[in-house]
Each structure stands twice: as C-alpha cells, then as structure tokens.
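Asker: This is coords09.cif, which holds mmCIF, C-alpha atoms:
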```
data_model
loop_
_atom_site.label_atom_id
_atom_site.label_comp_id
_atom_site.auth_asym_id
_atom_site.auth_seq_id
_atom_site.Cartn_x
_atom_site.Cartn_y
_atom_site.Cartn_z
CA MET V 1 0.00 0.00 0.00
CA THR V 2 1.17 3.51 -0.75
CA LEU V 3 1.37 6.25 1.84
CA ARG V 4 -1.77 7.76 0.36
CA SER V 5 -3.61 4.45 0.78
CA TYR V 6 -2.57 4.24 4.42
CA VAL V 7 -3.81 7.79 5.05
CA GLU V 8 -7.12 7.07 3.29
CA TRP V 9 -7.59 3.87 5.27
CA ALA V 10 -6.82 5.60 8.58
CA LEU V 11 -9.29 8.37 7.73
CA GLY V 12 -11.96 5.84 6.86
CA LEU V 13 -11.38 3.91 10.09
CA PHE V 14 -11.61 7.17 12.06
CA LEU V 15 -14.94 7.94 10.37
CA VAL V 16 -16.26 4.46 11.17
CA ILE V 17 -15.35 4.94 14.87
CA ILE V 18 -17.13 8.30 14.87
CA VAL V 19 -20.16 6.67 13.23
CA LEU V 20 -20.36 3.91 15.82
CA ALA V 21 -20.02 6.40 18.67
CA LEU V 22 -22.65 8.78 17.29
CA LEU V 23 -25.09 5.98 16.42
CA LEU V 24 -24.85 4.38 19.87
CA GLY V 25 -25.16 7.79 21.49
CA GLN V 26 -28.31 8.64 19.54
CA LEU V 27 -29.99 5.26 20.10
CA LEU V 28 -29.09 5.05 23.80
CA GLY V 29 -29.86 8.66 24.62
CA GLN V 30 -26.43 9.58 25.98
CA PRO V 31 -23.07 10.42 24.40
CA ILE V 32 -20.81 7.44 23.78
CA LEU V 33 -17.16 8.45 23.26
CA LEU V 34 -18.21 11.60 21.39
CA GLY V 35 -20.67 14.42 21.94
CA PHE V 36 -21.22 17.91 20.64
CA VAL V 37 -22.76 21.23 21.66
CA SER V 38 -25.37 22.89 19.49
CA THR V 39 -25.39 26.35 21.13
CA GLY V 40 -22.83 28.93 22.18
CA SER V 41 -23.56 28.70 25.90
CA MET V 42 -20.12 27.18 26.58
CA GLU V 43 -18.06 29.72 24.63
CA PRO V 44 -15.13 30.24 24.57
CA ALA V 45 -14.38 26.73 25.89
CA MET V 46 -16.59 25.18 23.18
CA ASN V 47 -18.09 27.00 20.24
CA ALA V 48 -21.49 26.08 18.84
CA GLY V 49 -21.08 22.95 16.73
CA ASP V 50 -17.85 21.78 18.38
CA GLY V 51 -17.50 18.14 19.33
CA PHE V 52 -15.84 16.77 22.45
CA VAL V 53 -14.66 13.48 23.89
CA ALA V 54 -17.31 12.21 26.32
CA VAL V 55 -16.03 10.13 29.24
CA PRO V 56 -18.84 8.08 30.87
CA SER V 57 -19.45 9.19 34.45
CA LEU V 58 -18.57 5.73 35.79
CA LEU V 59 -15.06 6.07 34.37
CA ALA V 60 -14.62 9.79 35.04
CA GLY V 61 -14.78 9.40 38.82
CA ASP V 62 -16.11 11.97 41.25
CA THR V 63 -17.52 15.25 39.97
CA SER V 64 -15.80 18.39 41.21
CA GLU V 65 -15.94 22.11 40.59
CA ASP V 66 -14.78 23.24 37.10
CA ASP V 67 -15.71 19.89 35.52
CA VAL V 68 -17.69 20.17 32.28
CA VAL V 69 -20.46 17.59 32.51
CA VAL V 70 -23.30 16.26 30.39
CA PHE V 71 -26.44 15.89 32.48
CA GLU V 72 -30.13 15.12 32.05
CA ALA V 73 -31.73 18.52 32.64
CA GLU V 74 -35.25 18.72 34.02
CA GLU V 75 -36.20 22.20 32.85
CA LEU V 76 -33.45 23.58 30.58
CA HIS V 77 -34.48 23.57 26.91
CA GLY V 78 -37.54 21.56 27.85
CA GLY V 79 -35.45 18.82 29.47
CA GLY V 80 -32.80 16.58 27.92
CA LEU V 81 -29.03 16.44 27.72
CA THR V 82 -27.18 19.66 28.57
CA THR V 83 -23.44 20.30 28.61
CA HIS V 84 -22.42 22.90 31.23
CA ARG V 85 -19.68 23.48 33.78
CA VAL V 86 -19.98 22.71 37.51
CA VAL V 87 -19.41 25.95 39.40
CA GLY V 88 -20.44 24.92 42.91
CA GLU V 89 -21.95 22.24 45.12
CA THR V 90 -24.70 22.26 47.76
CA ASP V 91 -26.37 19.62 49.89
CA GLU V 92 -29.04 19.32 47.21
CA GLY V 93 -26.63 18.85 44.30
CA TYR V 94 -24.31 20.64 41.88
CA ILE V 95 -24.62 24.21 40.62
CA THR V 96 -24.03 24.44 36.86
CA ARG V 97 -23.57 27.24 34.36
CA GLY V 98 -22.67 27.72 30.73
CA ASP V 99 -19.40 29.65 30.50
CA ALA V 100 -21.05 32.29 28.32
CA ASN V 101 -24.09 32.68 30.59
CA PRO V 102 -24.17 35.49 33.19
CA PHE V 103 -26.19 33.38 35.63
CA THR V 104 -26.32 29.77 36.80
CA ASP V 105 -28.88 27.23 35.67
CA GLN V 106 -30.19 27.12 39.23
CA ASP V 107 -30.89 30.86 39.18
CA GLY V 108 -33.64 29.82 36.78
CA ASP V 109 -36.02 26.90 37.13
CA GLU V 110 -33.42 24.10 36.94
CA PRO V 111 -32.94 22.35 40.31
CA PRO V 112 -29.44 21.39 41.52
CA VAL V 113 -27.96 18.55 39.46
CA SER V 114 -27.57 15.21 41.22
CA ASP V 115 -24.93 12.54 40.50
CA GLY V 116 -27.61 10.37 38.94
CA GLN V 117 -28.34 13.00 36.30
CA ILE V 118 -24.72 13.20 35.12
CA VAL V 119 -24.12 10.79 32.24
CA ALA V 120 -20.67 11.90 31.06
CA HIS V 121 -17.77 14.30 31.58
CA ALA V 122 -16.10 16.24 28.78
CA LEU V 123 -12.43 15.24 28.56
CA GLN V 124 -10.29 18.07 29.92
CA VAL V 125 -6.57 18.73 30.05
CA GLY V 126 -6.30 20.96 33.07
CA ASP V 127 -9.23 23.35 32.70
CA THR V 128 -9.23 23.12 28.89
CA VAL V 129 -11.84 20.95 27.18
CA VAL V 130 -10.49 18.75 24.38
CA THR V 131 -12.66 19.72 21.40
CA ILE V 132 -13.17 18.50 17.83
CA PRO V 133 -13.96 21.66 15.87
CA HIS V 134 -17.13 21.60 13.75
CA LEU V 135 -17.96 17.92 14.42
CA GLY V 136 -21.43 18.89 15.62
CA THR V 137 -21.89 21.24 12.68
CA VAL V 138 -21.31 18.35 10.27
CA VAL V 139 -23.64 16.05 12.20
CA MET V 140 -26.39 18.66 12.44
CA GLY V 141 -26.01 19.35 8.73
CA PHE V 142 -26.54 15.68 7.91
CA GLN V 143 -29.43 15.58 10.35
CA SER V 144 -31.08 18.61 8.80
CA GLY V 145 -30.75 17.11 5.33
CA ALA V 146 -32.33 13.88 6.56
CA ASP V 147 -35.43 15.62 7.98
CA SER V 148 -37.65 14.96 4.98
CA VAL V 149 -36.64 11.30 4.76
CA GLN V 150 -37.00 10.94 8.50
CA GLN V 151 -40.50 12.43 8.48
CA SER V 152 -41.52 10.06 5.69
CA VAL V 153 -40.37 7.05 7.70
CA VAL V 154 -42.16 8.28 10.83
CA SER V 155 -45.34 8.73 8.81
CA ALA V 156 -44.99 5.27 7.32
CA MET V 157 -44.64 3.90 10.84
CA GLY V 158 -47.88 5.59 11.83
CA GLY V 159 -46.11 8.38 13.72
CA GLU V 160 -45.92 6.29 16.89
CA GLY V 161 -43.71 3.61 18.34
CA GLY V 162 -40.25 2.57 17.28
CA LEU V 163 -37.47 5.13 17.33
CA GLU V 164 -38.22 8.67 18.34
CA ARG V 165 -37.81 11.29 15.66
CA THR V 166 -34.47 12.55 16.98
CA GLN V 167 -33.17 9.01 17.34
CA LEU V 168 -34.22 8.17 13.81
CA GLY V 169 -32.46 11.29 12.58
CA GLY V 170 -29.32 10.17 14.38
CA ALA V 171 -29.58 6.79 12.70
CA PHE V 172 -29.75 8.43 9.27
CA VAL V 173 -26.75 10.60 10.17
CA ALA V 174 -24.75 7.58 11.25
CA LEU V 175 -25.71 5.52 8.23
CA GLY V 176 -24.75 8.33 5.89
CA MET V 177 -21.38 8.78 7.56
CA PHE V 178 -20.91 5.01 7.62
CA PHE V 179 -21.19 4.81 3.84
CA ILE V 180 -18.77 7.71 3.54
CA GLY V 181 -16.31 5.78 5.69
CA LEU V 182 -16.76 2.66 3.61
CA ALA V 183 -16.23 4.67 0.45
CA VAL V 184 -12.96 6.03 1.81
CA LEU V 185 -11.85 2.60 2.99
CA THR V 186 -12.56 0.90 -0.32
CA GLY V 187 -12.09 3.78 -2.72
CA SER V 188 -8.35 3.35 -3.00
CA ARG V 189 -8.81 -0.06 -4.61
CA ASN V 190 -10.97 1.34 -7.38
CA ALA V 191 -9.01 4.54 -7.99
CA ARG V 192 -6.64 4.61 -10.88
CA ASP V 193 -3.02 4.69 -9.74
CA ILE V 194 -0.59 6.00 -12.33
CA THR V 195 2.40 4.86 -10.25
CA ARG V 196 3.65 1.30 -10.18
CA SER V 197 2.34 -0.51 -7.14
CA SER V 198 3.04 -3.91 -5.64
CA SER V 199 -0.54 -4.18 -4.40
CA ARG V 200 -2.88 -6.62 -6.10
CA PRO V 201 -6.43 -5.83 -7.23
CA ASP V 202 -9.35 -7.30 -5.28
CA VAL V 203 -7.09 -8.04 -2.31
CA VAL V 204 -7.71 -6.72 1.18
CA LYS V 205 -5.01 -6.66 3.81
CA ILE V 206 -5.86 -8.99 6.69
CA TRP V 207 -4.92 -6.29 9.22
CA VAL V 208 -7.48 -3.95 7.66
CA VAL V 209 -10.26 -6.49 8.20
CA GLY V 210 -8.96 -7.39 11.64
CA GLY V 211 -8.72 -3.76 12.72
CA ALA V 212 -12.28 -2.97 11.63
CA VAL V 213 -13.68 -6.06 13.38
CA LEU V 214 -11.78 -5.33 16.59
CA VAL V 215 -13.02 -1.73 16.68
CA VAL V 216 -16.62 -2.94 16.39
CA LEU V 217 -16.09 -5.59 19.09
CA VAL V 218 -14.47 -3.21 21.57
CA VAL V 219 -17.03 -0.43 21.07
CA ALA V 220 -19.92 -2.89 21.44
CA ALA V 221 -18.39 -4.48 24.55
CA THR V 222 -17.75 -1.09 26.16
CA ALA V 223 -21.33 0.01 25.50
CA ALA V 224 -22.65 -3.27 26.94
CA MET V 225 -20.75 -2.66 30.19
CA VAL V 226 -21.08 1.10 30.60
CA VAL V 227 -24.55 1.96 29.33
CA PRO V 228 -26.71 -0.37 31.50
CA ALA V 229 -24.68 0.52 34.61
CA GLY V 230 -24.70 3.87 36.35
CA ILE V 231 -26.02 5.52 39.48
CA GLN V 232 -29.25 4.40 41.11
CA GLU V 233 -30.75 7.24 43.13
CA TYR V 234 -33.23 6.98 46.01
CA GLY V 235 -35.19 9.99 47.20
CA VAL V 236 -35.83 9.39 50.92
CA ALA V 237 -37.62 11.33 53.61
CA SER V 238 -36.72 11.50 57.30
CA SER V 239 -39.94 11.75 59.30
CA GLU V 240 -41.18 11.43 62.86
CA THR V 241 -44.25 9.66 61.47
CA PRO V 242 -42.93 7.00 59.06
CA GLU V 243 -45.27 5.36 56.58
CA GLU V 244 -45.43 1.95 54.93
CA ASP V 245 -43.42 3.40 52.09
CA PRO V 246 -39.82 2.15 52.66
CA LEU V 247 -38.49 5.48 51.39
CA VAL V 248 -40.24 7.39 54.19
CA ILE V 249 -37.97 6.48 57.11
CA GLU V 250 -38.19 7.18 60.82
CA ALA V 251 -35.90 10.06 61.72
CA GLY V 252 -32.46 8.75 62.61
CA GLY V 253 -33.35 5.27 61.38
CA SER V 254 -32.85 3.15 58.27
CA SER V 255 -34.81 1.13 55.76
CA THR V 256 -33.95 -1.66 53.32
CA VAL V 257 -35.12 -1.88 49.72
CA GLU V 258 -34.37 -4.42 47.01
CA HIS V 259 -32.42 -3.34 43.94
CA THR V 260 -32.90 -5.49 40.83
CA VAL V 261 -30.16 -5.92 38.25
CA ARG V 262 -31.12 -7.10 34.77
CA ASN V 263 -28.86 -8.62 32.15
CA ASP V 264 -30.53 -8.52 28.74
CA GLY V 265 -27.29 -9.36 26.94
CA PHE V 266 -25.90 -12.68 25.74
CA VAL V 267 -22.85 -12.78 28.03
CA PRO V 268 -22.96 -13.20 31.85
CA VAL V 269 -21.96 -10.12 33.83
CA VAL V 270 -20.56 -9.51 37.28
CA VAL V 271 -21.87 -6.38 38.98
CA PHE V 272 -20.12 -4.44 41.75
CA PHE V 273 -22.04 -2.00 43.95
CA GLU V 274 -20.40 1.13 45.31
CA PRO V 275 -22.67 2.60 48.02
CA GLY V 276 -22.76 6.31 48.65
CA GLU V 277 -22.95 8.11 51.97
CA ASP V 278 -25.34 6.53 54.52
CA VAL V 279 -25.91 3.52 52.26
CA THR V 280 -24.86 -0.14 52.54
CA THR V 281 -25.42 -3.03 50.15
CA GLU V 282 -25.63 -6.77 50.79
CA PRO V 283 -24.06 -8.40 48.88
CA ASP V 284 -21.62 -5.87 47.47
CA ARG V 285 -21.37 -7.78 44.17
CA THR V 286 -23.48 -10.24 42.21
CA TRP V 287 -23.33 -12.52 39.17
CA VAL V 288 -26.09 -12.22 36.59
CA SER V 289 -26.34 -14.86 33.88
CA ARG V 290 -27.56 -13.92 30.42
CA GLY V 291 -31.23 -13.06 30.14
CA SER V 292 -31.83 -13.15 33.89
CA THR V 293 -31.97 -10.89 36.96
CA ALA V 294 -30.38 -10.69 40.39
CA GLU V 295 -31.14 -8.67 43.50
CA THR V 296 -29.16 -6.95 46.22
CA SER V 297 -30.42 -5.39 49.44
CA VAL V 298 -29.82 -1.66 49.79
CA THR V 299 -30.01 -0.18 53.30
CA LEU V 300 -30.69 3.56 53.40
CA SER V 301 -30.06 5.64 56.54
CA VAL V 302 -31.35 9.13 57.33
CA PRO V 303 -30.36 11.71 59.96
CA ALA V 304 -32.47 12.70 62.93
CA GLU V 305 -33.46 15.98 61.29
CA GLU V 306 -36.67 15.78 59.32
CA GLY V 307 -36.41 16.52 55.62
CA ARG V 308 -35.84 15.05 52.18
CA TYR V 309 -32.51 13.54 51.19
CA THR V 310 -30.93 11.76 48.24
CA ARG V 311 -29.05 8.49 48.55
CA HIS V 312 -27.32 6.66 45.72
CA VAL V 313 -25.59 3.44 44.73
CA THR V 314 -23.13 3.28 41.84
CA GLU V 315 -23.29 0.14 39.75
CA HIS V 316 -20.25 -1.17 37.83
CA ARG V 317 -20.77 -4.10 35.50
CA TYR V 318 -18.29 -6.20 33.54
CA LEU V 319 -18.65 -8.95 30.96
CA VAL V 320 -17.44 -12.23 32.47
CA VAL V 321 -14.63 -13.06 30.05
CA LEU V 322 -12.17 -13.36 32.94
CA PRO V 323 -12.56 -15.15 36.29
CA PRO V 324 -14.80 -13.02 38.56
CA THR V 325 -12.12 -13.00 41.29
CA LEU V 326 -9.62 -11.53 38.83
CA ILE V 327 -12.17 -8.96 37.68
CA GLY V 328 -12.72 -8.06 41.33
CA GLY V 329 -9.00 -7.50 41.83
CA LEU V 330 -8.78 -5.30 38.74
CA HIS V 331 -11.88 -3.37 39.83
CA SER V 332 -10.35 -2.71 43.23
CA ILE V 333 -7.42 -0.99 41.48
CA HIS V 334 -9.75 1.17 39.37
CA PRO V 335 -12.89 0.48 37.30
CA LEU V 336 -11.07 1.69 34.18
CA VAL V 337 -8.34 -0.95 34.71
CA ALA V 338 -10.98 -3.70 34.78
CA LEU V 339 -12.77 -2.27 31.72
CA LEU V 340 -9.59 -2.00 29.64
CA SER V 341 -8.45 -5.50 30.66
CA ILE V 342 -11.75 -7.04 29.58
CA ASN V 343 -11.64 -5.15 26.29
CA ALA V 344 -8.09 -6.42 25.74
CA VAL V 345 -9.25 -10.02 26.24
CA ILE V 346 -12.19 -9.52 23.86
CA ALA V 347 -9.89 -7.94 21.27
CA MET V 348 -7.42 -10.82 21.59
CA GLY V 349 -10.21 -13.38 21.22
CA GLY V 350 -11.49 -11.60 18.13
CA LEU V 351 -7.99 -11.54 16.66
CA VAL V 352 -7.55 -15.28 17.26
CA ALA V 353 -10.92 -15.96 15.61
CA ILE V 354 -9.97 -13.88 12.56
CA VAL V 355 -6.67 -15.71 12.17
CA ALA V 356 -8.40 -19.09 12.59
CA LEU V 357 -10.97 -18.25 9.92
CA PHE V 358 -8.84 -16.40 7.38
CA GLY V 359 -5.23 -17.13 8.30
CA THR V 360 -2.53 -14.48 8.31
CA GLY V 361 -2.44 -13.85 4.58
CA ASP V 362 -4.32 -11.24 2.63
CA ILE V 363 -7.96 -11.84 1.71
CA ARG V 364 -8.80 -12.03 -1.98
CA LEU V 365 -12.23 -10.75 -2.96
CA ARG V 366 -13.36 -13.05 -5.73
CA SER V 367 -16.03 -12.09 -8.15
CA GLY V 368 -19.32 -13.90 -7.90
CA LYS V 369 -18.83 -14.98 -11.54
CA ASP V 370 -15.74 -17.00 -10.58
CA VAL V 371 -17.26 -19.12 -7.80
CA PRO V 372 -20.92 -18.93 -6.75
CA LEU V 373 -21.40 -17.54 -3.25
CA ALA V 374 -23.54 -20.50 -2.12
CA TYR V 375 -20.82 -22.93 -3.20
CA ARG V 376 -18.13 -20.96 -1.37
CA LEU V 377 -20.21 -20.95 1.81
CA ARG V 378 -20.83 -24.71 1.61
CA ARG V 379 -17.14 -25.30 1.04
CA LYS V 380 -16.21 -23.19 4.07
CA ILE V 381 -18.72 -25.05 6.28
CA ARG V 382 -17.47 -28.47 5.10
CA LYS V 383 -13.92 -27.39 5.87
CA TRP V 384 -14.76 -26.59 9.47
CA LEU V 385 -16.96 -29.64 9.95
#
```
Represent the supplied structure as structure tokens.
Answerer:
Amino acid sequence: MTLRSYVEWALGLFLVIIVLALLLGQLLGQPILLGFVSTGSMEPAMNAGDGFVAVPSLLAGDTSEDDVVVFEAEELHGGGLTTHRVVGETDEGYITRGDANPFTDQDGDEPPVSDGQIVAHALQVGDTVVTIPHLGTVVMGFQSGADSVQQSVVSAMGGEGGLERTQLGGAFVALGMFFIGLAVLTGSRNARDITRSSSRPDVVKIWVVGGAVLVVLVVAATAAMVVPAGIQEYGVASSETPEEDPLVIEAGGSSTVEHTVRNDGFVPVVVFFEPGEDVTTEPDRTWVSRGSTAETSVTLSVPAEEGRYTRHVTEHRYLVVLPPTLIGGLHSIHPLVALLSINAVIAMGGLVAIVALFGTGDIRLRSGKDVPLAYRLRRKIRKWL
C-alpha cells in the first residue's frame, strides 16, 4: 500500500469509529465516546457545533468544581441532555452554568444537578476541554438534510412507536457517515493509480479487516458494560411519622429496599455495587447470567433531622470473560483498569478468531462470476466440519 492508501484507510477507520459512537449515542440517549454542543452557551471553551470526547461518568470518577459535565436537565431547553460546567456544590446537588451565561442554571427553574443526572464528563486537560472543531456542525447538517426522509419514515410507521424522531435522525446521520467511511476505505482499490504498485487488485489486507472487526467488538463491549450501569438514586424522607413506604424512614433510622439488576445481553456479567454516603449493600457484588436478573439489598439511613434527602448506589458491570475474582481485583485498582483489561481479552479473542478463519495472509475478494457464493459458503462449512 502507498502512503496515500494508508492515510485514506486511517481516515476511513476514524470515520467508522465516529459513526459507531454517534449511532450508539443517539440510540441510547447519551453520548458514547463523542458528543457535541449545538449552542454557544459554553463559549469560549466550546463553540457552537464543536465536538468533544465524552467520558462516561462511571469512568470519570467523582464530579468536582470546574468539571464540564453532560447531564439530564429537568427544565433547561424543555429537558434533555445539557453540557455545562460545575461551578459549585450544595447539599441538594451541583450548581451548573454555561461559560457564556451570566447566571447559573439554578438561578432559573433548573434544580441542583444530582450525580444520577450526570451521564458523562467532557475530557479536559487541566481546565481546557479537548474539542473536535465543527464535528457537531457536520452532524447537524446531515441531520437537517435527513429531515424529509426521517419524516416520511415516521409517517410510514404511523407516527408512533419505534425510534423517536431525533433518534431516527441520528440513525440516518450515522448511516450516511458510515457509507462515507466505507467509500474512503474501499475507494483506493478502485481509484486509478498511475504509479507502479506492488498491491494486487481485489485483495484486502488482513490487518485492515482485523482492525475494523476489533473496533466494532471493543465499542460494542464497552457500551454493553457502561450503558446499563450507572447511578441508582433513592429519594428518601426523614420523618417522625414513618409510613409503609420504605423510602419514608423514621428520623435517625434506616430502611432496606431491594435493587434489581437485569442482564438482557448474551454474556454473563458480574456487577459491583459502590454505596454512597449513609448507604450499605448486601451483597456488594453479584453474578447475573444472560437473560436473567439478580437482586441486592440496599439499606438507606437518614439523619435525625426531618427533611428530604438523596441516597445513591453506583453500579459497575463487567462482561465475564475473565474469572470473577480476577475482575474483582482489577476493579479494586480502578474500574477503568478492569474495563480496559476485559476489552483487551475480547480484542485478543477476536484476533484469534480472525486468524483461525482467514489465516494471516491477505484476503482475496473473488467475483461472484468465478465461484458462486452459495458454493463458497458450503465449502467453508465443510472445511470446518
């Protein structure tokens, strides 16, 4: 491959990663790896249309002042994801403000932001947010151009059910960018090269295929571990006259509720619980097989003063591709260490599978006229049987 081919391939792979991140973010309702701002409320840190690297809150650690966070707003812009900076903290939650705004969000109708509302942190080096200029502008441009198609699909679906309109728009954006990425990845084979090249037509480098497959595997595995996990919040009341409701607790006392963990995936998971202040869990970890549920007991304590309080439990989940005891040891070092280790094992397994199926040589793309596809599939199956 020529230097130009390497550059084109790297650009195409980068676009595919962006596509996967944006598609997952749109479908799951929170930024995955990448996010963007659509207004100028965070200028000069982020201009309208700038993208940023979104670190899931489970991996970002504790929230502190000056962090730029993505949170589920209750009142701002009619509710939904908002990216603003934390400028203070109270007993009720965090105080947030857009850098360009003269007043905080809480000076308006938005209540203080709780840990459970924060879904991601913008990656920062010191106090500077790492931005991707104009990423959001490109995405919003695609999304605007897809409006008519999107509306047609919604109408065909009866206007109800399925993906929401914004999610469907995100899907169109991702699909469009996906085909652009594929075009860049494959375009170099079809382009005329006036220089002499040692590359052969209709041949794909095995490392190109392997790299693309591994990216998909790692992104999917990360989403499967990070997205279903998070912070479970409990709004409790300390009262001198407790009720049957377990969240209305006698002043100075405690109450126990059951927390259910679901695993809708195809791989067993091990879940670790990190209780917040005045909270205990029993057990502190649990195994959940595929397609099943498990429960843990959460004990919530309240002070003697009457009032309303928030208690939370952070849930970390990992795919069981390593012994649970080893995962526990890695988790005790840092959740990110456990996550990266599991992704490394998944990537290695995918690499071994690719080598077993295709070998280490380049892959030749034969024309359907040479050997019928059905015959080639039958031959491959007979080989492995």
Asker: Got a sec: who's within 12 Å of Gly78 (chain V), counting all atoms listed in the file, leaving out chain neighbours fewer than 6 positions off, as a ChimeraX atom specification?
Answerer: /V:72,109-110
Asker: Produce a file of the selected residues containing C-alpha atoms, as a compact mmCIF listing (two decimals), in the frame of the given file.
Answerer:
```txt
# COMPACT_ATOMS: atom_id res chain seq x y z
CA GLU V 72 -30.13 15.12 32.05
CA ASP V 109 -36.02 26.90 37.13
CA GLU V 110 -33.42 24.10 36.94
```
Asker: If the PyMOL selection byres ((chain V and resi 129) around 10) is run on the structure shown, which residues does it catch, given as a list in words?
Answerer: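 On the file shown, the PyMOL selection byres ((chain V and resi 129) around 10) covers Ala45, Met46, Phe52, Val53, Asp67, Val68, His121, Ala122, Leu123, Gln124, Val125, Gly126, Asp127, Thr128, Val130, Thr131 and Ile132 of chain V.
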Asker: Residues within 12 Å of (-20.3, -3.3, 24.5), file coordinates, counting all atoms listed in the file: what are they? Give the list as a ChimeraX atom specification.
Answerer: /V:20-21,24,32,214-229,265-267,269,317-319,339-340,342-343,346-347
Asker: How many Å lie between CA of Pro112 (chain V) and CA of Gln232 (chain V), rounded to one decimal?
Answerer: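 Atom-to-atom, CA of Pro112 (chain V) to CA of Gln232 (chain V), that is 17.0 Å.
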Asker: Leaving out Val87 (chain V) and any residue of its chain fewer than 3 positions from it, which residues lie within 7 Å of it when counting only C-alpha atoms, given as a PyMOL selection string?
Answerer: chain V and resi 65-66+95-97
Asker: For C-alpha atoms, I'd like the residues from the last selection saved as a PDB file, keeping the file's coordinate frame.
Answerer:
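Dumped everything to result_27.pdb:
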```pdb
ATOM      1  CA  GLU V  65     -15.940  22.110  40.590  1.00  0.00           C
ATOM      2  CA  ASP V  66     -14.780  23.240  37.100  1.00  0.00           C
ATOM      3  CA  ILE V  95     -24.620  24.210  40.620  1.00  0.00           C
ATOM      4  CA  THR V  96     -24.030  24.440  36.860  1.00  0.00           C
ATOM      5  CA  ARG V  97     -23.570  27.240  34.360  1.00  0.00           C
TER       6      ARG V  97
END
```
Asker: Apply the PyMOL selection byres ((chain V and resi 101) around 10) to the displayed file and report the matching residues as a PyMOL selection string.
Answerer: chain V and resi 40-43+84+97-100+102-105
